[in-house]
>>> print(open('query.pdb').read())   # PDB, C-alpha atoms and all ligand atoms
ATOM      1  CA  MET K   1      11.578   2.858  18.542  1.00  0.00           C
ATOM      2  CA  ARG K   2      12.898   5.094  15.785  1.00  0.00           C
ATOM      3  CA  ILE K   3      16.570   4.557  15.241  1.00  0.00           C
ATOM      4  CA  VAL K   4      19.304   5.592  12.855  1.00  0.00           C
ATOM      5  CA  LEU K   5      22.262   3.234  12.684  1.00  0.00           C
ATOM      6  CA  LEU K   6      25.548   4.682  11.445  1.00  0.00           C
ATOM      7  CA  GLY K   7      28.979   3.151  11.166  1.00  0.00           C
ATOM      8  CA  PRO K   8      31.879   2.670   8.771  1.00  0.00           C
ATOM      9  CA  PRO K   9      31.943  -0.156   6.210  1.00  0.00           C
ATOM     10  CA  GLY K  10      32.759  -3.377   8.056  1.00  0.00           C
ATOM     11  CA  SER K  11      31.356  -2.221  11.409  1.00  0.00           C
ATOM     12  CA  GLY K  12      28.599  -4.835  11.369  1.00  0.00           C
ATOM     13  CA  LYS K  13      25.740  -2.392  10.826  1.00  0.00           C
ATOM     14  CA  ALA K  14      23.799  -4.777   8.631  1.00  0.00           C
ATOM     15  CA  GLU K  15      23.892  -7.612  11.177  1.00  0.00           C
ATOM     16  CA  LEU K  16      23.007  -5.327  14.068  1.00  0.00           C
ATOM     17  CA  SER K  17      20.129  -3.714  12.192  1.00  0.00           C
ATOM     18  CA  LYS K  18      18.673  -7.156  11.442  1.00  0.00           C
ATOM     19  CA  LYS K  19      18.859  -8.104  15.113  1.00  0.00           C
ATOM     20  CA  ILE K  20      17.158  -4.915  16.228  1.00  0.00           C
ATOM     21  CA  ALA K  21      14.534  -5.152  13.490  1.00  0.00           C
ATOM     22  CA  THR K  22      13.694  -8.764  14.368  1.00  0.00           C
ATOM     23  CA  GLU K  23      13.679  -8.124  18.109  1.00  0.00           C
ATOM     24  CA  TYR K  24      11.328  -5.162  17.909  1.00  0.00           C
ATOM     25  CA  ASP K  25       9.547  -6.034  14.660  1.00  0.00           C
ATOM     26  CA  LEU K  26      10.623  -2.883  12.853  1.00  0.00           C
ATOM     27  CA  PRO K  27      11.144  -2.223   9.155  1.00  0.00           C
ATOM     28  CA  ILE K  28      14.733  -1.641   7.995  1.00  0.00           C
ATOM     29  CA  ILE K  29      15.029   1.305   5.646  1.00  0.00           C
ATOM     30  CA  THR K  30      18.231   1.840   3.682  1.00  0.00           C
ATOM     31  CA  GLN K  31      19.067   4.174   0.848  1.00  0.00           C
ATOM     32  CA  SER K  32      19.354   1.224  -1.502  1.00  0.00           C
ATOM     33  CA  SER K  33      16.017  -0.266  -0.410  1.00  0.00           C
ATOM     34  CA  VAL K  34      14.342   3.076  -1.107  1.00  0.00           C
ATOM     35  CA  VAL K  35      16.034   3.497  -4.474  1.00  0.00           C
ATOM     36  CA  ASP K  36      15.470  -0.144  -5.501  1.00  0.00           C
ATOM     37  CA  THR K  37      11.779   0.092  -4.662  1.00  0.00           C
ATOM     38  CA  ALA K  38      11.462   3.203  -6.811  1.00  0.00           C
ATOM     39  CA  ALA K  39      13.536   1.725  -9.620  1.00  0.00           C
ATOM     40  CA  SER K  40      11.270  -1.328  -9.812  1.00  0.00           C
ATOM     41  CA  GLU K  41       8.311   0.859 -10.776  1.00  0.00           C
ATOM     42  CA  SER K  42       7.730   1.513 -14.459  1.00  0.00           C
ATOM     43  CA  THR K  43       7.238   5.239 -14.121  1.00  0.00           C
ATOM     44  CA  GLU K  44       9.347   8.199 -15.147  1.00  0.00           C
ATOM     45  CA  LEU K  45      10.505   8.507 -11.547  1.00  0.00           C
ATOM     46  CA  GLY K  46      11.352   4.804 -11.516  1.00  0.00           C
ATOM     47  CA  ARG K  47      13.485   5.276 -14.609  1.00  0.00           C
ATOM     48  CA  LEU K  48      15.280   8.234 -13.010  1.00  0.00           C
ATOM     49  CA  ALA K  49      15.881   6.244  -9.847  1.00  0.00           C
ATOM     50  CA  ALA K  50      17.292   3.306 -11.826  1.00  0.00           C
ATOM     51  CA  GLU K  51      19.558   5.620 -13.780  1.00  0.00           C
ATOM     52  CA  ALA K  52      20.837   7.353 -10.655  1.00  0.00           C
ATOM     53  CA  ARG K  53      21.421   4.002  -8.970  1.00  0.00           C
ATOM     54  CA  ASP K  54      23.314   2.532 -11.901  1.00  0.00           C
ATOM     55  CA  ALA K  55      25.525   5.629 -12.093  1.00  0.00           C
ATOM     56  CA  SER K  56      25.924   5.645  -8.264  1.00  0.00           C
ATOM     57  CA  ARG K  57      24.762   9.250  -8.241  1.00  0.00           C
ATOM     58  CA  ILE K  58      21.762   9.624  -6.058  1.00  0.00           C
ATOM     59  CA  SER K  59      21.198  13.291  -5.376  1.00  0.00           C
ATOM     60  CA  ASP K  60      19.822  14.545  -2.082  1.00  0.00           C
ATOM     61  CA  GLU K  61      16.824  15.933  -3.979  1.00  0.00           C
ATOM     62  CA  LEU K  62      15.970  12.597  -5.553  1.00  0.00           C
ATOM     63  CA  LEU K  63      16.366  10.767  -2.247  1.00  0.00           C
ATOM     64  CA  LEU K  64      14.164  13.263  -0.450  1.00  0.00           C
ATOM     65  CA  HIS K  65      11.523  12.944  -3.125  1.00  0.00           C
ATOM     66  CA  LEU K  66      11.554   9.150  -2.900  1.00  0.00           C
ATOM     67  CA  LEU K  67      11.360   9.262   0.904  1.00  0.00           C
ATOM     68  CA  ARG K  68       8.412  11.638   0.763  1.00  0.00           C
ATOM     69  CA  LEU K  69       6.621   9.161  -1.483  1.00  0.00           C
ATOM     70  CA  GLN K  70       7.596   5.934   0.240  1.00  0.00           C
ATOM     71  CA  LEU K  71       7.694   6.621   3.970  1.00  0.00           C
ATOM     72  CA  PRO K  72       3.958   7.416   4.238  1.00  0.00           C
ATOM     73  CA  ARG K  73       3.201   4.044   2.589  1.00  0.00           C
ATOM     74  CA  MET K  74       5.206   2.117   5.199  1.00  0.00           C
ATOM     75  CA  ASP K  75       3.927   0.900   8.525  1.00  0.00           C
ATOM     76  CA  LEU K  76       6.062   2.941  10.899  1.00  0.00           C
ATOM     77  CA  ARG K  77       3.798   2.736  13.955  1.00  0.00           C
ATOM     78  CA  ARG K  78       6.230   0.658  15.981  1.00  0.00           C
ATOM     79  CA  GLY K  79       9.180   2.590  14.587  1.00  0.00           C
ATOM     80  CA  TYR K  80      11.940   1.949  12.082  1.00  0.00           C
ATOM     81  CA  VAL K  81      15.638   1.279  11.698  1.00  0.00           C
ATOM     82  CA  LEU K  82      17.345   3.560   9.206  1.00  0.00           C
ATOM     83  CA  VAL K  83      20.695   2.203   8.068  1.00  0.00           C
ATOM     84  CA  ASP K  84      23.357   4.064   6.119  1.00  0.00           C
ATOM     85  CA  MET K  85      21.059   6.969   5.720  1.00  0.00           C
ATOM     86  CA  PRO K  86      21.423   9.904   6.049  1.00  0.00           C
ATOM     87  CA  LYS K  87      24.895  10.054   4.559  1.00  0.00           C
ATOM     88  CA  ASN K  88      25.586  13.711   5.336  1.00  0.00           C
ATOM     89  CA  SER K  89      24.209  16.562   7.387  1.00  0.00           C
ATOM     90  CA  GLY K  90      22.268  17.955   4.403  1.00  0.00           C
ATOM     91  CA  GLN K  91      20.391  14.672   4.045  1.00  0.00           C
ATOM     92  CA  ALA K  92      19.875  14.546   7.813  1.00  0.00           C
ATOM     93  CA  ASP K  93      18.122  17.880   7.677  1.00  0.00           C
ATOM     94  CA  LEU K  94      15.876  16.784   4.802  1.00  0.00           C
ATOM     95  CA  LEU K  95      15.123  13.486   6.469  1.00  0.00           C
ATOM     96  CA  ASP K  96      14.171  15.219   9.714  1.00  0.00           C
ATOM     97  CA  SER K  97      11.683  17.381   7.883  1.00  0.00           C
ATOM     98  CA  VAL K  98      10.037  14.385   6.182  1.00  0.00           C
ATOM     99  CA  LEU K  99       9.879  12.387   9.424  1.00  0.00           C
ATOM    100  CA  LEU K 100       8.545  15.347  11.400  1.00  0.00           C
ATOM    101  CA  ASP K 101       5.760  15.804   8.858  1.00  0.00           C
ATOM    102  CA  LEU K 102       4.844  12.165   9.424  1.00  0.00           C
ATOM    103  CA  GLY K 103       4.921  12.655  13.200  1.00  0.00           C
ATOM    104  CA  ARG K 104       7.685  10.040  13.470  1.00  0.00           C
ATOM    105  CA  PRO K 105      10.887  11.883  14.344  1.00  0.00           C
ATOM    106  CA  ILE K 106      14.116  10.034  15.054  1.00  0.00           C
ATOM    107  CA  ASP K 107      14.548   9.050  18.727  1.00  0.00           C
ATOM    108  CA  LEU K 108      18.106   7.875  18.693  1.00  0.00           C
ATOM    109  CA  VAL K 109      21.189   7.769  16.492  1.00  0.00           C
ATOM    110  CA  LEU K 110      23.630   4.950  17.193  1.00  0.00           C
ATOM    111  CA  ASN K 111      27.105   5.415  15.810  1.00  0.00           C
ATOM    112  CA  LEU K 112      29.129   2.209  15.760  1.00  0.00           C
ATOM    113  CA  GLU K 113      32.741   2.990  16.478  1.00  0.00           C
ATOM    114  CA  VAL K 114      35.298   0.382  15.532  1.00  0.00           C
ATOM    115  CA  ASP K 115      39.039   0.469  16.057  1.00  0.00           C
ATOM    116  CA  ARG K 116      40.577   1.471  12.719  1.00  0.00           C
ATOM    117  CA  ASP K 117      43.137  -1.380  12.684  1.00  0.00           C
ATOM    118  CA  ASP K 118      40.451  -3.986  13.378  1.00  0.00           C
ATOM    119  CA  LEU K 119      38.355  -2.485  10.638  1.00  0.00           C
ATOM    120  CA  MET K 120      41.217  -2.615   8.116  1.00  0.00           C
ATOM    121  CA  GLU K 121      41.896  -6.249   9.000  1.00  0.00           C
ATOM    122  CA  ARG K 122      38.245  -7.110   8.586  1.00  0.00           C
ATOM    123  CA  LEU K 123      37.901  -5.291   5.279  1.00  0.00           C
ATOM    124  CA  VAL K 124      41.259  -6.078   3.700  1.00  0.00           C
ATOM    125  CA  GLY K 125      40.942  -9.720   4.787  1.00  0.00           C
ATOM    126  CA  ALA K 126      37.480 -10.123   3.304  1.00  0.00           C
ATOM    127  CA  ILE K 127      37.332 -12.699   0.528  1.00  0.00           C
ATOM    128  CA  GLU K 128      34.384 -14.177  -1.242  1.00  0.00           C
ATOM    129  CA  CYS K 129      33.516 -17.252  -3.278  1.00  0.00           C
ATOM    130  CA  ASP K 130      33.045 -16.449  -6.974  1.00  0.00           C
ATOM    131  CA  SER K 131      30.409 -19.061  -7.338  1.00  0.00           C
ATOM    132  CA  CYS K 132      28.221 -19.370  -4.217  1.00  0.00           C
ATOM    133  CA  GLY K 133      29.035 -16.059  -2.542  1.00  0.00           C
ATOM    134  CA  ALA K 134      30.250 -17.601   0.740  1.00  0.00           C
ATOM    135  CA  SER K 135      32.396 -15.101   2.609  1.00  0.00           C
ATOM    136  CA  TYR K 136      35.633 -15.656   4.492  1.00  0.00           C
ATOM    137  CA  ASN K 137      38.373 -13.627   6.097  1.00  0.00           C
ATOM    138  CA  MET K 138      41.997 -14.395   5.224  1.00  0.00           C
ATOM    139  CA  TYR K 139      43.133 -13.591   8.760  1.00  0.00           C
ATOM    140  CA  VAL K 140      40.407 -14.787  11.083  1.00  0.00           C
ATOM    141  CA  ASN K 141      38.264 -17.180   9.074  1.00  0.00           C
ATOM    142  CA  PRO K 142      40.079 -18.521   5.990  1.00  0.00           C
ATOM    143  CA  PRO K 143      38.741 -21.426   3.901  1.00  0.00           C
ATOM    144  CA  MET K 144      40.224 -24.840   4.814  1.00  0.00           C
ATOM    145  CA  VAL K 145      42.176 -25.017   1.560  1.00  0.00           C
ATOM    146  CA  ASP K 146      43.837 -21.804   0.349  1.00  0.00           C
ATOM    147  CA  ASN K 147      41.626 -19.914  -2.110  1.00  0.00           C
ATOM    148  CA  VAL K 148      39.100 -22.734  -2.415  1.00  0.00           C
ATOM    149  CA  CYS K 149      35.539 -22.485  -1.161  1.00  0.00           C
ATOM    150  CA  ASP K 150      34.633 -24.925   1.641  1.00  0.00           C
ATOM    151  CA  TYR K 151      31.099 -25.274   0.350  1.00  0.00           C
ATOM    152  CA  CYS K 152      31.295 -25.516  -3.406  1.00  0.00           C
ATOM    153  CA  GLY K 153      34.991 -25.876  -4.282  1.00  0.00           C
ATOM    154  CA  ALA K 154      35.070 -22.773  -6.479  1.00  0.00           C
ATOM    155  CA  ARG K 155      37.735 -20.100  -6.316  1.00  0.00           C
ATOM    156  CA  VAL K 156      37.667 -17.652  -3.454  1.00  0.00           C
ATOM    157  CA  ARG K 157      39.042 -14.169  -3.962  1.00  0.00           C
ATOM    158  CA  ARG K 158      38.940 -10.543  -2.981  1.00  0.00           C
ATOM    159  CA  ARG K 159      36.515  -8.215  -4.585  1.00  0.00           C
ATOM    160  CA  PRO K 160      38.285  -5.336  -6.367  1.00  0.00           C
ATOM    161  CA  ASP K 161      36.636  -2.992  -3.815  1.00  0.00           C
ATOM    162  CA  ASP K 162      38.528  -4.654  -1.030  1.00  0.00           C
ATOM    163  CA  TYR K 163      42.112  -3.758  -1.856  1.00  0.00           C
ATOM    164  CA  GLU K 164      43.867  -1.919   0.890  1.00  0.00           C
ATOM    165  CA  GLU K 165      44.204   1.417  -0.882  1.00  0.00           C
ATOM    166  CA  THR K 166      40.579   1.461  -2.004  1.00  0.00           C
ATOM    167  CA  ILE K 167      39.530   0.665   1.519  1.00  0.00           C
ATOM    168  CA  SER K 168      41.586   3.348   3.187  1.00  0.00           C
ATOM    169  CA  ASN K 169      40.219   5.869   0.657  1.00  0.00           C
ATOM    170  CA  ARG K 170      36.693   4.727   1.414  1.00  0.00           C
ATOM    171  CA  LEU K 171      37.262   5.077   5.139  1.00  0.00           C
ATOM    172  CA  ARG K 172      38.797   8.525   4.723  1.00  0.00           C
ATOM    173  CA  ASP K 173      35.830   9.716   2.628  1.00  0.00           C
ATOM    174  CA  TYR K 174      33.540   8.239   5.218  1.00  0.00           C
ATOM    175  CA  ASP K 175      35.227  10.122   8.066  1.00  0.00           C
ATOM    176  CA  MET K 176      35.008  13.380   6.146  1.00  0.00           C
ATOM    177  CA  GLN K 177      31.276  13.005   5.612  1.00  0.00           C
ATOM    178  CA  MET K 178      30.584  11.779   9.101  1.00  0.00           C
ATOM    179  CA  GLY K 179      32.133  14.675  11.050  1.00  0.00           C
ATOM    180  CA  PRO K 180      29.373  17.193  10.281  1.00  0.00           C
ATOM    181  CA  LEU K 181      26.674  14.512  10.423  1.00  0.00           C
ATOM    182  CA  LEU K 182      27.659  13.375  13.907  1.00  0.00           C
ATOM    183  CA  GLN K 183      27.834  16.975  15.018  1.00  0.00           C
ATOM    184  CA  TYR K 184      24.323  17.539  13.681  1.00  0.00           C
ATOM    185  CA  TYR K 185      22.907  14.700  15.769  1.00  0.00           C
ATOM    186  CA  SER K 186      25.043  15.539  18.742  1.00  0.00           C
ATOM    187  CA  LEU K 187      23.595  19.079  18.768  1.00  0.00           C
ATOM    188  CA  ALA K 188      20.122  17.551  18.541  1.00  0.00           C
ATOM    189  CA  GLU K 189      21.100  15.405  21.584  1.00  0.00           C
ATOM    190  CA  LYS K 190      20.220  12.206  19.786  1.00  0.00           C
ATOM    191  CA  LEU K 191      23.677  10.748  19.313  1.00  0.00           C
ATOM    192  CA  GLN K 192      24.989   7.701  21.170  1.00  0.00           C
ATOM    193  CA  ARG K 193      28.393   6.267  20.438  1.00  0.00           C
ATOM    194  CA  VAL K 194      28.641   2.497  20.709  1.00  0.00           C
TER     195      VAL K 194
HETATM  196 ZN    ZN J 201      31.443 -21.363  -2.899  1.00  0.00          ZN
END
>>> encode(input="query.pdb", output="structure tokens", more="lines below")
Ligand code: ZN
Amino acid sequence: MRIVLLGPPGSGKAELSKKIATEYDLPIITQSSVVDTAASESTELGRLAAEARDASRISDELLLHLLRLQLPRMDLRRGYVLVDMPKNSGQADLLDSVLLDLGRPIDLVLNLEVDRDDLMERLVGAIECDSCGASYNMYVNPPMVDNVCDYCGARVRRRPDDYEETISNRLRDYDMQMGPLLQYYSLAEKLQRV
């Protein structure tokens, strides 16, 4: 089974991909796993990958190059779960060419669709323990004592990324990128909306 899993931040992609991967014994491939693997190597390419990662500027060319190097080394016989990748229709095109060369084209693209209000509540409500990393939600799953972690007693707070304005900007950027990407897979008749 060769799957691409797409969805906005907070849609539960990570959890779902783990379930699918465990159920069918498939590797999970994400942009950050690919870049981290490259960055851990002490080569010129590794240095470039680390630099791009730290600056949050991973070009399509670099990603394609890393995929061309790494995908053939992975055991993809049973399939794979790609998460959060591709991020745009340009990357989708590049990815298709790499996967076709390997004889392992994508079977199915699942797009997780979540009601925008639910998503905002989930994201804006997300709070995290400074110390142990336990996560809570102010609205649906708050700690027992306000702002105090149930597990370790440290302070619980929002990450700066999770303020409402930042989140709505992130979601808007996401929608803008996703339009052409979804169209790409829809034309290829691989898209399923969940
Ligand atoms: Zn804690």
>>> resolve_selection(input="query.pdb", expression="the PyMOL selection byres (((chain K and resi 128) around 9) and not hetatm)", output="ChimeraX atom specification")
/K:126-127,129-137,149,155-159
>>> residues_around(input="query.pdb", residues="Leu64 (chain K)", least_positions_apart="4", cutoff="9 Å", atoms="all atoms listed in the file", output="PyMOL selection string")
chain K and resi 59-60+68-69+91+94-95+98
>>> atom_distance(input="query.pdb", atom1="CA of Val4 (chain K)", atom2="CA of Val81 (chain K)")
5.8 Å
>>> closest_residue(input="query.pdb", among="K:Ser11, K:Ser32, K:Thr37, K:Thr22", to="Met120 (chain K)", atoms="all atoms listed in the file")
K:Ser11
>>> closest_residue(input="query.pdb", among="K:Ala21, K:Leu182, K:Gly153, K:Val124", to="Thr166 (chain K)", atoms="all atoms listed in the file")
K:Val124
>>> atom_distance(input="query.pdb", atom1="CA of Asp75 (chain K)", atom2="CA of Leu26 (chain K)")
8.8 Å
>>> decode(input="query.pdb", residues="region 87-125 of chain K", atoms="N, CA and C atoms", output="PDB file, in the first residue's frame")
ATOM      1  N   LYS K  87       4.411  19.080  -0.466  1.00  0.00           N
ATOM      2  CA  LYS K  87       3.771  20.259   0.093  1.00  0.00           C
ATOM      3  C   LYS K  87       3.132  21.128  -0.984  1.00  0.00           C
ATOM      4  N   ASN K  88       3.458  20.886  -2.233  1.00  0.00           N
ATOM      5  CA  ASN K  88       2.848  21.664  -3.318  1.00  0.00           C
ATOM      6  C   ASN K  88       2.877  20.830  -4.594  1.00  0.00           C
ATOM      7  N   SER K  89       2.216  21.343  -5.628  1.00  0.00           N
ATOM      8  CA  SER K  89       2.077  20.514  -6.827  1.00  0.00           C
ATOM      9  C   SER K  89       3.420  20.323  -7.542  1.00  0.00           C
ATOM     10  N   GLY K  90       4.343  21.295  -7.393  1.00  0.00           N
ATOM     11  CA  GLY K  90       5.674  21.130  -7.968  1.00  0.00           C
ATOM     12  C   GLY K  90       6.395  19.942  -7.347  1.00  0.00           C
ATOM     13  N   GLN K  91       6.340  19.863  -6.023  1.00  0.00           N
ATOM     14  CA  GLN K  91       6.961  18.725  -5.324  1.00  0.00           C
ATOM     15  C   GLN K  91       6.275  17.411  -5.684  1.00  0.00           C
ATOM     16  N   ALA K  92       4.958  17.471  -5.880  1.00  0.00           N
ATOM     17  CA  ALA K  92       4.204  16.257  -6.213  1.00  0.00           C
ATOM     18  C   ALA K  92       4.706  15.680  -7.529  1.00  0.00           C
ATOM     19  N   ASP K  93       4.954  16.572  -8.466  1.00  0.00           N
ATOM     20  CA  ASP K  93       5.441  16.169  -9.773  1.00  0.00           C
ATOM     21  C   ASP K  93       6.814  15.511  -9.662  1.00  0.00           C
ATOM     22  N   LEU K  94       7.700  16.144  -8.894  1.00  0.00           N
ATOM     23  CA  LEU K  94       9.052  15.611  -8.694  1.00  0.00           C
ATOM     24  C   LEU K  94       8.996  14.255  -7.996  1.00  0.00           C
ATOM     25  N   LEU K  95       8.165  14.201  -6.976  1.00  0.00           N
ATOM     26  CA  LEU K  95       8.040  12.971  -6.198  1.00  0.00           C
ATOM     27  C   LEU K  95       7.536  11.839  -7.081  1.00  0.00           C
ATOM     28  N   ASP K  96       6.541  12.124  -7.912  1.00  0.00           N
ATOM     29  CA  ASP K  96       6.019  11.109  -8.823  1.00  0.00           C
ATOM     30  C   ASP K  96       7.117  10.549  -9.714  1.00  0.00           C
ATOM     31  N   SER K  97       7.996  11.449 -10.183  1.00  0.00           N
ATOM     32  CA  SER K  97       9.023  10.957 -11.094  1.00  0.00           C
ATOM     33  C   SER K  97      10.016  10.055 -10.357  1.00  0.00           C
ATOM     34  N   VAL K  98      10.363  10.407  -9.123  1.00  0.00           N
ATOM     35  CA  VAL K  98      11.274   9.553  -8.347  1.00  0.00           C
ATOM     36  C   VAL K  98      10.620   8.197  -8.063  1.00  0.00           C
ATOM     37  N   LEU K  99       9.357   8.225  -7.652  1.00  0.00           N
ATOM     38  CA  LEU K  99       8.677   6.980  -7.269  1.00  0.00           C
ATOM     39  C   LEU K  99       8.405   6.093  -8.485  1.00  0.00           C
ATOM     40  N   LEU K 100       8.150   6.724  -9.618  1.00  0.00           N
ATOM     41  CA  LEU K 100       7.944   5.943 -10.851  1.00  0.00           C
ATOM     42  C   LEU K 100       9.228   5.232 -11.248  1.00  0.00           C
ATOM     43  N   ASP K 101      10.357   5.955 -11.135  1.00  0.00           N
ATOM     44  CA  ASP K 101      11.648   5.343 -11.446  1.00  0.00           C
ATOM     45  C   ASP K 101      11.914   4.121 -10.576  1.00  0.00           C
ATOM     46  N   LEU K 102      11.409   4.168  -9.347  1.00  0.00           N
ATOM     47  CA  LEU K 102      11.614   3.051  -8.423  1.00  0.00           C
ATOM     48  C   LEU K 102      10.564   1.954  -8.638  1.00  0.00           C
ATOM     49  N   GLY K 103       9.606   2.212  -9.508  1.00  0.00           N
ATOM     50  CA  GLY K 103       8.522   1.250  -9.730  1.00  0.00           C
ATOM     51  C   GLY K 103       7.555   1.200  -8.562  1.00  0.00           C
ATOM     52  N   ARG K 104       7.506   2.273  -7.769  1.00  0.00           N
ATOM     53  CA  ARG K 104       6.607   2.294  -6.600  1.00  0.00           C
ATOM     54  C   ARG K 104       5.750   3.552  -6.591  1.00  0.00           C
ATOM     55  N   PRO K 105       4.903   3.704  -7.603  1.00  0.00           N
ATOM     56  CA  PRO K 105       4.083   4.924  -7.657  1.00  0.00           C
ATOM     57  C   PRO K 105       3.044   4.977  -6.537  1.00  0.00           C
ATOM     58  N   ILE K 106       2.583   6.153  -6.245  1.00  0.00           N
ATOM     59  CA  ILE K 106       1.563   6.358  -5.220  1.00  0.00           C
ATOM     60  C   ILE K 106       0.243   5.716  -5.653  1.00  0.00           C
ATOM     61  N   ASP K 107      -0.390   4.958  -4.727  1.00  0.00           N
ATOM     62  CA  ASP K 107      -1.698   4.363  -5.028  1.00  0.00           C
ATOM     63  C   ASP K 107      -2.818   5.329  -4.691  1.00  0.00           C
ATOM     64  N   LEU K 108      -2.648   5.988  -3.534  1.00  0.00           N
ATOM     65  CA  LEU K 108      -3.785   6.687  -2.960  1.00  0.00           C
ATOM     66  C   LEU K 108      -3.320   7.908  -2.179  1.00  0.00           C
ATOM     67  N   VAL K 109      -4.080   8.994  -2.300  1.00  0.00           N
ATOM     68  CA  VAL K 109      -3.807  10.192  -1.520  1.00  0.00           C
ATOM     69  C   VAL K 109      -5.006  10.458  -0.629  1.00  0.00           C
ATOM     70  N   LEU K 110      -4.794  10.411   0.682  1.00  0.00           N
ATOM     71  CA  LEU K 110      -5.888  10.685   1.614  1.00  0.00           C
ATOM     72  C   LEU K 110      -5.761  12.114   2.112  1.00  0.00           C
ATOM     73  N   ASN K 111      -6.796  12.888   1.910  1.00  0.00           N
ATOM     74  CA  ASN K 111      -6.784  14.252   2.437  1.00  0.00           C
ATOM     75  C   ASN K 111      -7.738  14.328   3.622  1.00  0.00           C
ATOM     76  N   LEU K 112      -7.194  14.616   4.788  1.00  0.00           N
ATOM     77  CA  LEU K 112      -8.026  14.693   5.993  1.00  0.00           C
ATOM     78  C   LEU K 112      -8.680  16.061   6.059  1.00  0.00           C
ATOM     79  N   GLU K 113      -9.990  16.072   6.029  1.00  0.00           N
ATOM     80  CA  GLU K 113     -10.695  17.345   6.074  1.00  0.00           C
ATOM     81  C   GLU K 113     -11.334  17.512   7.446  1.00  0.00           C
ATOM     82  N   VAL K 114     -11.016  18.635   8.071  1.00  0.00           N
ATOM     83  CA  VAL K 114     -11.503  18.887   9.421  1.00  0.00           C
ATOM     84  C   VAL K 114     -12.229  20.222   9.428  1.00  0.00           C
ATOM     85  N   ASP K 115     -13.357  20.256  10.104  1.00  0.00           N
ATOM     86  CA  ASP K 115     -14.113  21.497  10.231  1.00  0.00           C
ATOM     87  C   ASP K 115     -13.203  22.602  10.787  1.00  0.00           C
ATOM     88  N   ARG K 116     -13.219  23.767  10.138  1.00  0.00           N
ATOM     89  CA  ARG K 116     -12.276  24.824  10.478  1.00  0.00           C
ATOM     90  C   ARG K 116     -12.409  25.303  11.932  1.00  0.00           C
ATOM     91  N   ASP K 117     -13.642  25.356  12.450  1.00  0.00           N
ATOM     92  CA  ASP K 117     -13.831  25.793  13.844  1.00  0.00           C
ATOM     93  C   ASP K 117     -13.249  24.780  14.829  1.00  0.00           C
ATOM     94  N   ASP K 118     -13.467  23.494  14.539  1.00  0.00           N
ATOM     95  CA  ASP K 118     -12.903  22.443  15.394  1.00  0.00           C
ATOM     96  C   ASP K 118     -11.384  22.529  15.396  1.00  0.00           C
ATOM     97  N   LEU K 119     -10.857  22.780  14.209  1.00  0.00           N
ATOM     98  CA  LEU K 119      -9.410  22.845  14.055  1.00  0.00           C
ATOM     99  C   LEU K 119      -8.829  24.009  14.862  1.00  0.00           C
ATOM    100  N   MET K 120      -9.503  25.174  14.783  1.00  0.00           N
ATOM    101  CA  MET K 120      -9.043  26.347  15.530  1.00  0.00           C
ATOM    102  C   MET K 120      -9.069  26.042  17.026  1.00  0.00           C
ATOM    103  N   GLU K 121     -10.162  25.411  17.484  1.00  0.00           N
ATOM    104  CA  GLU K 121     -10.268  25.104  18.908  1.00  0.00           C
ATOM    105  C   GLU K 121      -9.125  24.185  19.340  1.00  0.00           C
ATOM    106  N   ARG K 122      -8.868  23.187  18.503  1.00  0.00           N
ATOM    107  CA  ARG K 122      -7.824  22.230  18.821  1.00  0.00           C
ATOM    108  C   ARG K 122      -6.450  22.898  18.870  1.00  0.00           C
ATOM    109  N   LEU K 123      -6.214  23.771  17.884  1.00  0.00           N
ATOM    110  CA  LEU K 123      -4.885  24.390  17.789  1.00  0.00           C
ATOM    111  C   LEU K 123      -4.700  25.523  18.788  1.00  0.00           C
ATOM    112  N   VAL K 124      -5.715  26.381  18.890  1.00  0.00           N
ATOM    113  CA  VAL K 124      -5.593  27.530  19.796  1.00  0.00           C
ATOM    114  C   VAL K 124      -5.589  27.042  21.242  1.00  0.00           C
ATOM    115  N   GLY K 125      -6.312  25.930  21.501  1.00  0.00           N
ATOM    116  CA  GLY K 125      -6.400  25.415  22.864  1.00  0.00           C
ATOM    117  C   GLY K 125      -5.189  24.601  23.273  1.00  0.00           C
TER     118      GLY K 125
END
